[in-house]
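Heads up, query36.csv below (CSV, C-alpha atoms):
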```
chain,number,residue,atom,x,y,z
A,1,MET,CA,9.1,142.8,19.1
A,2,ILE,CA,5.3,142.4,19.0
A,3,PRO,CA,4.2,139.8,16.4
A,4,LEU,CA,2.1,141.1,13.5
A,5,PRO,CA,-1.1,139.4,12.3
A,6,THR,CA,-0.4,136.7,9.7
A,7,PRO,CA,-0.6,138.1,6.2
A,8,GLU,CA,-3.7,137.3,4.2
A,9,THR,CA,-5.8,136.8,7.4
A,10,THR,CA,-9.4,137.5,6.2
A,11,THR,CA,-12.5,139.0,7.6
A,12,GLU,CA,-15.6,139.0,5.5
A,13,THR,CA,-18.6,141.4,5.6
A,14,ALA,CA,-21.7,140.6,3.5
A,15,THR,CA,-23.3,143.4,1.6
A,16,THR,CA,-26.5,143.6,-0.5
A,17,ALA,CA,-24.3,143.8,-3.7
A,18,ALA,CA,-21.4,141.4,-3.1
A,19,ALA,CA,-19.0,140.3,-0.4
A,20,MET,CA,-16.5,142.8,0.9
A,21,THR,CA,-13.4,141.1,2.1
A,22,CYS,CA,-10.9,142.7,4.5
A,23,THR,CA,-7.5,141.1,4.3
A,24,VAL,CA,-4.2,141.8,6.1
A,25,THR,CA,-1.7,142.0,3.3
A,26,THR,CA,1.6,143.8,2.8
A,27,LEU,CA,3.0,146.7,0.9
A,28,ALA,CA,5.0,144.4,-1.3
A,29,ALA,CA,1.9,142.4,-2.2
A,30,LEU,CA,-0.1,145.5,-3.0
A,31,SER,CA,2.7,146.6,-5.4
A,32,ARG,CA,2.2,143.5,-7.5
A,33,ASP,CA,-1.2,144.9,-8.6
A,34,PRO,CA,-0.4,148.5,-9.3
A,35,ALA,CA,-3.5,149.0,-11.5
A,36,ALA,CA,-5.9,148.1,-8.7
A,37,TRP,CA,-4.1,150.5,-6.3
A,38,ASP,CA,-4.1,153.4,-8.7
A,39,ALA,CA,-7.8,152.7,-9.5
A,40,LEU,CA,-8.7,153.0,-5.8
A,41,VAL,CA,-6.9,156.3,-5.5
A,42,ALA,CA,-8.5,157.6,-8.7
A,43,GLY,CA,-12.0,156.5,-7.5
A,44,ALA,CA,-11.6,157.2,-3.8
A,45,ASP,CA,-13.9,159.6,-1.8
A,46,ARG,CA,-11.8,162.8,-1.4
A,47,PRO,CA,-8.5,161.0,-1.7
A,48,THR,CA,-5.1,162.3,-0.5
A,49,PRO,CA,-1.7,161.3,-1.9
A,50,ASP,CA,-0.6,159.9,1.5
A,51,TYR,CA,-1.4,156.2,1.0
A,52,SER,CA,-1.2,156.3,-2.8
A,53,ARG,CA,1.2,154.0,-4.7
A,54,ARG,CA,3.5,156.9,-5.6
A,55,ALA,CA,4.0,157.9,-1.9
A,56,MET,CA,4.1,154.5,-0.3
A,57,GLU,CA,6.4,152.9,-2.9
A,58,ALA,CA,8.8,155.9,-2.5
A,59,HIS,CA,8.8,155.3,1.3
A,60,ARG,CA,9.6,151.6,0.7
A,61,ASP,CA,12.3,152.2,-2.0
A,62,HIS,CA,14.2,154.6,0.2
A,63,GLY,CA,14.1,152.8,3.5
A,64,LEU,CA,11.3,154.8,5.1
A,65,ALA,CA,8.8,151.9,5.2
A,66,PRO,CA,9.5,148.1,5.1
A,67,GLY,CA,8.3,146.0,2.2
A,68,ASP,CA,6.4,143.8,4.7
A,69,LEU,CA,4.5,146.7,6.2
A,70,PRO,CA,1.1,145.3,7.0
A,71,CYS,CA,-2.0,146.8,5.3
A,72,LEU,CA,-5.7,146.3,5.7
A,73,ALA,CA,-7.1,145.9,2.2
A,74,VAL,CA,-10.8,145.7,1.5
A,75,ARG,CA,-11.7,144.1,-1.8
A,76,ARG,CA,-14.9,143.4,-3.7
A,77,GLY,CA,-13.7,140.7,-6.0
A,78,PRO,CA,-10.4,141.8,-7.6
A,79,HIS,CA,-11.1,145.5,-7.0
A,80,LEU,CA,-9.7,147.4,-4.0
A,81,ALA,CA,-12.4,149.2,-2.1
A,82,ALA,CA,-10.3,150.5,0.9
A,83,LEU,CA,-6.7,150.6,2.1
A,84,LEU,CA,-5.0,151.3,5.4
A,85,PRO,CA,-1.3,150.6,6.1
A,86,TYR,CA,-0.6,150.2,9.8
A,87,ARG,CA,1.9,149.1,12.4
A,88,ILE,CA,1.4,147.3,15.8
A,89,GLY,CA,3.4,148.3,18.8
A,90,ARG,CA,3.3,149.5,22.4
A,91,GLY,CA,0.8,152.1,23.5
A,92,PRO,CA,1.4,155.3,25.4
A,93,LEU,CA,3.9,155.0,28.2
A,94,GLY,CA,4.4,151.4,27.3
A,95,TRP,CA,0.8,150.4,27.7
A,96,GLY,CA,-0.2,147.1,26.1
A,97,ARG,CA,-0.6,146.5,22.4
A,98,VAL,CA,-2.0,149.1,20.0
A,99,ALA,CA,-2.4,149.5,16.3
A,100,ARG,CA,-1.4,152.8,14.6
A,101,PRO,CA,-1.9,153.9,11.0
A,102,PHE,CA,1.4,154.2,9.2
A,103,ALA,CA,2.9,157.7,9.5
A,104,SER,CA,6.1,159.4,8.5
A,105,PRO,CA,7.3,163.1,8.5
A,106,TYR,CA,6.3,163.1,4.8
A,107,LEU,CA,2.6,162.2,5.2
A,108,THR,CA,0.0,164.9,5.8
A,109,VAL,CA,-2.9,162.8,7.1
A,110,THR,CA,-3.5,159.1,7.9
A,111,ALA,CA,-7.1,158.7,6.7
A,112,PRO,CA,-7.7,155.4,4.8
A,113,LEU,CA,-8.4,155.4,1.1
A,114,VAL,CA,-12.0,154.4,0.6
A,115,VAL,CA,-13.9,154.1,-2.6
A,116,ALA,CA,-16.6,156.7,-3.4
A,117,GLY,CA,-20.2,156.0,-4.2
A,118,PRO,CA,-22.5,153.2,-3.0
A,119,ASP,CA,-19.6,150.8,-2.2
A,120,GLY,CA,-18.1,153.3,0.3
A,121,ALA,CA,-20.3,152.4,3.3
A,122,PRO,CA,-19.9,148.6,3.0
A,123,ALA,CA,-16.2,149.1,2.4
A,124,LEU,CA,-15.9,151.1,5.6
A,125,ALA,CA,-18.0,148.5,7.5
A,126,ALA,CA,-15.5,145.8,6.3
A,127,LEU,CA,-12.6,147.9,7.3
A,128,ALA,CA,-14.1,148.4,10.7
A,129,ALA,CA,-14.5,144.7,11.1
A,130,GLY,CA,-10.9,144.2,9.9
A,131,MET,CA,-9.6,146.7,12.5
A,132,ARG,CA,-11.6,145.0,15.2
A,133,GLY,CA,-10.1,141.6,14.1
A,134,LEU,CA,-6.7,142.8,15.1
A,135,GLY,CA,-7.9,142.7,18.7
A,136,CYS,CA,-6.4,146.0,20.0
A,137,PRO,CA,-7.2,149.7,20.4
A,138,TRP,CA,-6.0,152.2,17.7
A,139,TRP,CA,-3.8,155.2,18.5
A,140,TRP,CA,-4.6,157.4,15.5
A,141,PRO,CA,-2.6,160.6,14.7
A,142,LEU,CA,-3.3,163.1,11.9
A,143,LEU,CA,-6.9,162.0,11.4
A,144,PRO,CA,-9.1,164.6,9.6
A,145,THR,CA,-12.3,164.8,11.6
A,146,GLY,CA,-14.0,167.7,9.8
A,147,ASP,CA,-13.9,166.5,6.2
A,148,GLY,CA,-12.3,163.9,3.9
A,149,ALA,CA,-12.6,160.2,4.8
A,150,GLY,CA,-12.2,160.8,8.5
A,151,PRO,CA,-15.8,161.6,9.5
A,152,ALA,CA,-17.1,158.6,7.5
A,153,LEU,CA,-14.6,156.3,9.1
A,154,LEU,CA,-15.5,157.5,12.6
A,155,ALA,CA,-19.2,157.0,11.8
A,156,ALA,CA,-18.6,153.4,10.6
A,157,LEU,CA,-16.6,152.6,13.7
A,158,ALA,CA,-19.3,154.0,16.0
A,159,ARG,CA,-21.8,151.8,14.2
A,160,ASP,CA,-19.5,148.9,14.9
A,161,GLY,CA,-19.5,149.6,18.6
A,162,TRP,CA,-16.2,151.5,18.9
A,163,SER,CA,-15.6,154.3,21.4
A,164,ARG,CA,-13.2,157.1,21.0
A,165,ALA,CA,-11.6,160.1,22.8
A,166,GLU,CA,-9.4,162.9,21.4
A,167,VAL,CA,-5.9,163.4,22.6
A,168,SER,CA,-5.3,166.7,20.8
A,169,GLY,CA,-6.1,168.5,17.6
A,170,PHE,CA,-5.4,171.6,15.5
A,171,ASP,CA,-7.0,173.5,12.7
A,172,ARG,CA,-4.9,173.3,9.5
A,173,PRO,CA,-5.1,176.2,7.0
A,174,VAL,CA,-6.7,175.3,3.6
A,175,LEU,CA,-7.9,177.5,0.8
A,176,ASP,CA,-10.9,176.6,-1.5
A,177,ARG,CA,-10.7,178.1,-4.9
A,178,ARG,CA,-13.1,181.0,-5.6
A,179,ALA,CA,-14.5,182.0,-9.0
A,180,SER,CA,-11.6,184.2,-9.7
A,181,HIS,CA,-8.5,185.7,-8.0
A,182,ASP,CA,-10.3,189.0,-7.8
A,183,ALA,CA,-13.1,187.4,-6.0
A,184,PHE,CA,-10.6,185.8,-3.6
A,185,LEU,CA,-9.0,189.2,-2.9
A,186,LYS,CA,-12.3,191.1,-2.5
A,187,GLY,CA,-13.7,188.5,0.0
A,188,HIS,CA,-10.5,188.0,2.0
A,189,PRO,CA,-11.0,188.6,5.7
A,190,HIS,CA,-7.5,190.0,6.3
A,191,LYS,CA,-7.0,193.0,4.0
A,192,GLY,CA,-3.9,194.1,6.0
A,193,ARG,CA,-2.2,190.8,5.2
A,194,LEU,CA,-2.8,191.3,1.5
A,195,LYS,CA,-1.4,194.8,1.7
A,196,ASP,CA,1.7,193.5,3.4
A,197,LEU,CA,2.2,190.9,0.7
A,198,ARG,CA,2.0,193.5,-2.0
A,199,ARG,CA,4.6,195.6,-0.1
A,200,ARG,CA,7.0,192.7,0.2
A,201,ARG,CA,6.6,191.8,-3.4
A,202,ARG,CA,7.5,195.4,-4.4
A,203,ARG,CA,10.6,195.3,-2.2
A,204,LEU,CA,11.7,192.1,-3.9
A,205,GLU,CA,11.1,193.6,-7.3
A,206,GLU,CA,13.3,196.5,-6.3
A,207,ALA,CA,16.1,194.1,-5.6
A,208,GLY,CA,16.1,192.6,-9.1
A,209,LEU,CA,14.1,190.8,-11.7
A,210,LEU,CA,11.5,188.7,-10.0
A,211,THR,CA,9.9,185.8,-11.9
A,212,VAL,CA,7.8,182.8,-11.0
A,213,GLU,CA,8.4,179.4,-12.7
A,214,VAL,CA,5.8,176.7,-12.6
A,215,VAL,CA,6.9,173.1,-13.3
A,216,GLY,CA,4.1,170.7,-13.9
A,217,PRO,CA,3.9,166.9,-14.2
A,218,ASP,CA,5.3,166.9,-17.8
A,219,GLY,CA,8.1,169.4,-17.0
A,220,ASP,CA,11.6,169.2,-15.6
A,221,LEU,CA,10.7,168.2,-12.1
A,222,ALA,CA,14.1,166.6,-11.6
A,223,GLY,CA,15.7,169.9,-12.1
A,224,ALA,CA,13.2,171.7,-9.9
A,225,VAL,CA,13.7,169.2,-7.1
A,226,ALA,CA,17.5,169.6,-7.3
A,227,GLU,CA,17.2,173.3,-6.9
A,228,PHE,CA,14.8,172.9,-3.9
A,229,LEU,CA,17.2,170.4,-2.2
A,230,ALA,CA,20.2,172.8,-2.7
A,231,LEU,CA,18.3,175.8,-1.4
A,232,GLU,CA,16.9,173.9,1.7
A,233,LYS,CA,20.3,172.5,2.6
A,234,ARG,CA,21.8,176.1,2.6
A,235,GLY,CA,19.4,177.1,5.4
A,236,TRP,CA,18.9,176.2,9.0
A,237,LYS,CA,17.7,172.7,8.2
A,238,GLY,CA,21.0,172.0,6.5
A,239,ARG,CA,22.9,173.2,9.6
A,240,ALA,CA,20.7,171.1,11.8
A,241,GLY,CA,21.1,168.1,9.6
A,242,THR,CA,17.3,167.8,8.9
A,243,ALA,CA,17.2,169.0,5.3
A,244,LEU,CA,16.2,166.4,2.8
A,245,ALA,CA,19.6,166.6,1.1
A,246,CYS,CA,21.4,165.7,4.3
A,247,ARG,CA,20.6,162.0,3.9
A,248,PRO,CA,20.7,159.9,0.8
A,249,GLN,CA,17.5,158.2,1.8
A,250,THR,CA,15.4,161.4,2.1
A,251,ALA,CA,17.0,163.0,-1.0
A,252,GLY,CA,16.2,160.0,-3.0
A,253,PHE,CA,12.7,160.0,-1.6
A,254,ALA,CA,12.1,163.6,-2.7
A,255,ARG,CA,13.4,162.9,-6.2
A,256,ASP,CA,11.1,159.9,-6.5
A,257,VAL,CA,7.9,161.2,-5.0
A,258,PHE,CA,8.1,164.5,-6.8
A,259,ARG,CA,9.0,162.9,-10.1
A,260,ALA,CA,7.4,163.6,-13.5
A,261,GLY,CA,4.6,161.5,-14.8
A,262,ASP,CA,0.8,161.2,-14.8
A,263,GLY,CA,-1.6,159.0,-12.8
A,264,PRO,CA,-4.0,159.7,-9.9
A,265,VAL,CA,-1.2,161.6,-8.1
A,266,THR,CA,0.9,164.2,-9.9
A,267,ALA,CA,3.8,166.4,-8.8
A,268,ARG,CA,4.2,170.2,-9.1
A,269,ALA,CA,7.0,172.7,-8.3
A,270,ASP,CA,6.7,176.4,-8.0
A,271,LEU,CA,10.0,178.4,-8.0
A,272,LEU,CA,10.4,182.1,-7.2
A,273,ARG,CA,13.6,183.5,-9.0
A,274,LEU,CA,15.4,186.8,-8.3
A,275,ASP,CA,17.7,187.6,-11.2
A,276,GLY,CA,17.5,184.0,-12.2
A,277,ARG,CA,18.5,182.3,-8.9
A,278,VAL,CA,15.9,180.5,-6.9
A,279,VAL,CA,15.0,182.4,-3.7
A,280,ALA,CA,11.9,180.3,-2.7
A,281,ALA,CA,10.6,176.9,-3.8
A,282,SER,CA,7.5,174.8,-3.1
A,283,LEU,CA,7.0,171.1,-3.9
A,284,ALA,CA,3.4,169.7,-4.0
A,285,LEU,CA,1.4,166.6,-4.8
A,286,VAL,CA,-1.9,167.0,-6.5
A,287,CYS,CA,-4.6,164.4,-5.9
A,288,GLY,CA,-8.4,164.4,-6.1
A,289,GLY,CA,-8.5,168.1,-6.8
A,290,THR,CA,-6.4,169.1,-3.8
A,291,ALA,CA,-2.8,170.3,-4.0
A,292,MET,CA,-0.9,169.3,-0.9
A,293,LEU,CA,2.0,171.8,-0.4
A,294,LEU,CA,4.3,169.3,1.2
A,295,LYS,CA,7.7,171.1,1.2
A,296,THR,CA,8.7,174.7,1.1
A,297,THR,CA,12.0,176.5,1.5
A,298,TYR,CA,13.4,180.0,0.9
A,299,ASP,CA,16.7,181.9,0.8
A,300,GLU,CA,17.3,182.9,4.4
A,301,ASP,CA,19.7,185.7,3.4
A,302,LEU,CA,16.6,187.4,2.1
A,303,ARG,CA,14.5,186.8,5.2
A,304,GLN,CA,13.5,190.4,5.6
A,305,LEU,CA,12.0,190.4,2.1
A,306,ALA,CA,10.0,187.2,2.8
A,307,PRO,CA,10.4,185.4,-0.5
A,308,GLY,CA,8.7,182.3,0.8
A,309,VAL,CA,5.5,184.3,1.7
A,310,VAL,CA,5.5,186.0,-1.7
A,311,LEU,CA,5.7,182.6,-3.4
A,312,GLU,CA,2.8,181.4,-1.4
A,313,ALA,CA,0.7,184.3,-2.6
A,314,GLU,CA,1.8,183.6,-6.2
A,315,ILE,CA,0.6,180.0,-5.8
A,316,VAL,CA,-2.8,181.3,-4.7
A,317,ARG,CA,-2.8,183.5,-7.9
A,318,ALA,CA,-1.9,180.5,-10.1
A,319,LEU,CA,-4.6,178.4,-8.4
A,320,HIS,CA,-7.3,180.8,-9.6
A,321,GLU,CA,-5.8,181.7,-13.0
A,322,THR,CA,-4.9,178.2,-14.1
A,323,ARG,CA,-7.3,176.1,-12.0
A,324,PHE,CA,-4.8,173.4,-11.4
A,325,ALA,CA,-6.7,172.3,-8.3
A,326,ASP,CA,-9.9,173.0,-6.3
A,327,ARG,CA,-8.1,173.4,-2.9
A,328,LEU,CA,-4.7,174.2,-1.5
A,329,ASP,CA,-3.8,172.3,1.7
A,330,SER,CA,-1.0,173.8,3.7
A,331,ALA,CA,-0.1,170.2,4.9
A,332,THR,CA,1.3,171.7,8.1
A,333,LEU,CA,0.9,170.9,11.8
A,334,ALA,CA,0.5,174.6,12.3
A,335,SER,CA,1.3,177.6,10.1
A,336,ALA,CA,1.7,181.1,11.3
A,337,VAL,CA,2.7,182.1,7.7
A,338,LEU,CA,-0.5,180.8,6.1
A,339,ASP,CA,-3.0,181.4,8.9
A,340,ASP,CA,-3.8,184.9,7.5
A,341,LEU,CA,-3.6,183.9,3.9
A,342,TYR,CA,-5.7,180.8,3.8
A,343,PRO,CA,-9.2,181.6,5.1
A,344,GLU,CA,-10.6,178.1,5.6
A,345,ARG,CA,-9.6,175.4,8.2
A,346,THR,CA,-9.8,171.7,8.4
A,347,ARG,CA,-9.7,169.9,11.8
A,348,ILE,CA,-6.8,167.4,12.3
A,349,ALA,CA,-6.9,165.3,15.5
A,350,GLU,CA,-5.0,162.7,17.4
A,351,THR,CA,-7.5,160.1,18.6
A,352,MET,CA,-7.8,157.0,20.6
A,353,LEU,CA,-10.2,154.4,19.3
A,354,SER,CA,-11.2,151.3,21.3
A,355,PRO,CA,-13.1,148.3,19.9
A,356,PRO,CA,-16.2,146.8,21.6
A,357,GLY,CA,-15.0,145.3,25.0
A,358,GLY,CA,-11.7,147.2,24.8
A,359,PRO,CA,-10.2,149.6,27.4
A,360,ALA,CA,-11.8,153.0,27.9
A,361,PRO,CA,-10.2,155.4,25.4
A,362,SER,CA,-10.1,158.1,28.1
A,363,LEU,CA,-7.5,156.0,30.0
A,364,LEU,CA,-5.3,155.8,26.9
A,365,VAL,CA,-5.8,159.5,26.2
A,366,ASP,CA,-4.5,160.4,29.7
A,367,ARG,CA,-1.4,158.3,29.1
A,368,ALA,CA,-0.8,159.7,25.7
A,369,ARG,CA,-1.0,163.3,27.0
A,370,ARG,CA,1.4,162.5,29.8
A,371,GLN,CA,3.8,161.0,27.3
A,372,HIS,CA,3.6,164.0,25.0
A,373,ALA,CA,4.2,166.3,28.1
A,374,ALA,CA,7.3,164.3,29.0
A,375,LYS,CA,8.7,164.5,25.5
A,376,ALA,CA,8.0,168.3,25.4
A,377,TRP,CA,9.8,168.8,28.7
A,378,LEU,CA,12.8,166.7,27.6
A,379,LYS,CA,13.0,168.6,24.3
A,380,ALA,CA,12.9,172.0,26.0
A,381,ARG,CA,15.5,170.8,28.5
A,382,LEU,CA,17.9,169.7,25.8
A,383,ALA,CA,17.4,173.0,24.0
A,384,ARG,CA,18.4,174.9,27.1
A,385,LEU,CA,21.5,172.8,27.5
A,386,ARG,CA,22.5,173.4,23.9
A,387,ARG,CA,22.3,177.2,24.5
A,388,ARG,CA,24.7,177.1,27.4
```
Taking this structure as input, can you express it in the form of structure tokens?
Amino acid sequence: MIPLPTPETTTETATTAAAMTCTVTTLAALSRDPAAWDALVAGADRPTPDYSRRAMEAHRDHGLAPGDLPCLAVRRGPHLAALLPYRIGRGPLGWGRVARPFASPYLTVTAPLVVAGPDGAPALAALAAGMRGLGCPWWWPLLPTGDGAGPALLAALARDGWSRAEVSGFDRPVLDRRASHDAFLKGHPHKGRLKDLRRRRRRLEEAGLLTVEVVGPDGDLAGAVAEFLALEKRGWKGRAGTALACRPQTAGFARDVFRAGDGPVTARADLLRLDGRVVAASLALVCGGTAMLLKTTYDEDLRQLAPGVVLEAEIVRALHETRFADRLDSATLASAVLDDLYPERTRIAETMLSPPGGPAPSLLVDRARRQHAAKAWLKARLARLRRR
């Protein structure tokens, strides 16, 4: 075990307005001031739901994050100005001591929450000083480098003397809402894809009565989540033991994080029904004008009719007709399904960051790539053995 920094260790950065204080605190301590946490999410610069109270407390309550998880919290007086949960452990191939932002299979990015407006720059400067105070490099997965809080964070770290190098990256499909659904269709770069979607929808309609049900933050989300869990468990994820319903912890997490209620993060479910039964389902969190499509599933017996893809197209239609968000984020590592449907992209990277006087990030990048290659080889080898 590598010891964590002592909670409530403080680094201060002076600003022209007031002192920004970066403190190492814990998830449990943050939960004791829920109003400040929610206020940061509501007032953050392009926030995501990932480090929101809803998401992080659901992780804690269902054993996916410890209550003493350390967090860098920047405050100006009683107000939270930035937040970054993290862990400290060994680097790639066992190298030294590195910090990593908290990540789980149910987080889409690991960008810190940072207040918008004039306090944003001093908050990031204080966060950079707090990160430097931990005295180790950072191994940073799922960092948005094209938009969101990522570019501002990287700029603040560069001003603080940090160096960085990218391990790997990918372009995640996103969709920015147009003036209307017709405008989206007319300007779409892949007309053949849209034609195929119309054909698949007609085939589903020939099989029975096709309806779309939308469940918002005031609706029966518990019922929608239950139908999602049952459908996902009937598919390949259930057979592999990776469906949410296969473990009490992850089933409870899903029921909790996609619960009804308001606040800076709200839940949404979209269900595609054929003769009343759910044949595709999507669960999303909406925050800061972006709907993160966190979980999707479909009836694999109808694979040839592509109910999951048809539902994705219906969500695009609802985005334009009801304007429930400004952007849809596929929340995927890669998505062949949505590549041709979502025209825009946002860059997500795995990055090594080294503080002033720290090791060259290129050395850590080389070790990280070799570790990833070894894991990929082992995974492929195990898959071949299972097929024998």
Find the nearest atom pair between each residue of range 260-310 of chain A and range 320-343 of chain A for residues within 6 Å, count all atoms listed in the file, give distances in Å to one decimal, sort rows by chain and ascending number, and present the table as CSV.
```
residue,atom,partner,partner_atom,distance
A:Gly289,CA,A:Ala325,CA,4.8
A:Thr290,CA,A:Arg327,CA,4.7
A:Ala291,CA,A:Leu328,CA,5.0
A:Met292,CA,A:Asp329,CA,4.9
A:Leu293,CA,A:Ser330,CA,5.5
A:Leu294,CA,A:Ala331,CA,5.8
```
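The closest residue to Val316 in chain A, picked from A:Leu185, A:Ala81, A:Ile88, A:Ala126 and counting all atoms listed in the file, is A:Leu185.
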query: How far is it from CA of Leu285 in chain A to CA of Arg273 in chain A, in Å with one decimal?
result: 21.3 Å
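Residue nearest Ala230 in chain A within the list A:Glu206, A:Gly77, A:Phe258, A:Tyr298: A:Tyr298 [criterion: smallest interatomic distance, only C-alpha atoms].
For the pair CA of Val265 in chain A and CA of Gly288 in chain A, the interatomic distance is 8.0 Å.
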message: Show me the residues close to (-7.9, 142.9, 16.4) - anything with an atom within 12 Å, counting all atoms listed in the file - and format the list as a PyMOL selection string.
response: chain A and resi 4-6+9-11+24+72+88+97-100+127-138+354-358
Restricting it to C-alpha atoms, dump the selection as a compact mmCIF listing (two decimals), in the frame of the given file.
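The resulting selection_35.txt:
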```txt
# COMPACT_ATOMS: atom_id res chain seq x y z
CA LEU A 4 2.10 141.10 13.50
CA PRO A 5 -1.10 139.40 12.30
CA THR A 6 -0.40 136.70 9.70
CA THR A 9 -5.80 136.80 7.40
CA THR A 10 -9.40 137.50 6.20
CA THR A 11 -12.50 139.00 7.60
CA VAL A 24 -4.20 141.80 6.10
CA LEU A 72 -5.70 146.30 5.70
CA ILE A 88 1.40 147.30 15.80
CA ARG A 97 -0.60 146.50 22.40
CA VAL A 98 -2.00 149.10 20.00
CA ALA A 99 -2.40 149.50 16.30
CA ARG A 100 -1.40 152.80 14.60
CA LEU A 127 -12.60 147.90 7.30
CA ALA A 128 -14.10 148.40 10.70
CA ALA A 129 -14.50 144.70 11.10
CA GLY A 130 -10.90 144.20 9.90
CA MET A 131 -9.60 146.70 12.50
CA ARG A 132 -11.60 145.00 15.20
CA GLY A 133 -10.10 141.60 14.10
CA LEU A 134 -6.70 142.80 15.10
CA GLY A 135 -7.90 142.70 18.70
CA CYS A 136 -6.40 146.00 20.00
CA PRO A 137 -7.20 149.70 20.40
CA TRP A 138 -6.00 152.20 17.70
CA SER A 354 -11.20 151.30 21.30
CA PRO A 355 -13.10 148.30 19.90
CA PRO A 356 -16.20 146.80 21.60
CA GLY A 357 -15.00 145.30 25.00
CA GLY A 358 -11.70 147.20 24.80
```
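The two atoms in question, CA of Arg345 in chain A and CA of Phe184 in chain A, are spaced 15.8 Å apart.
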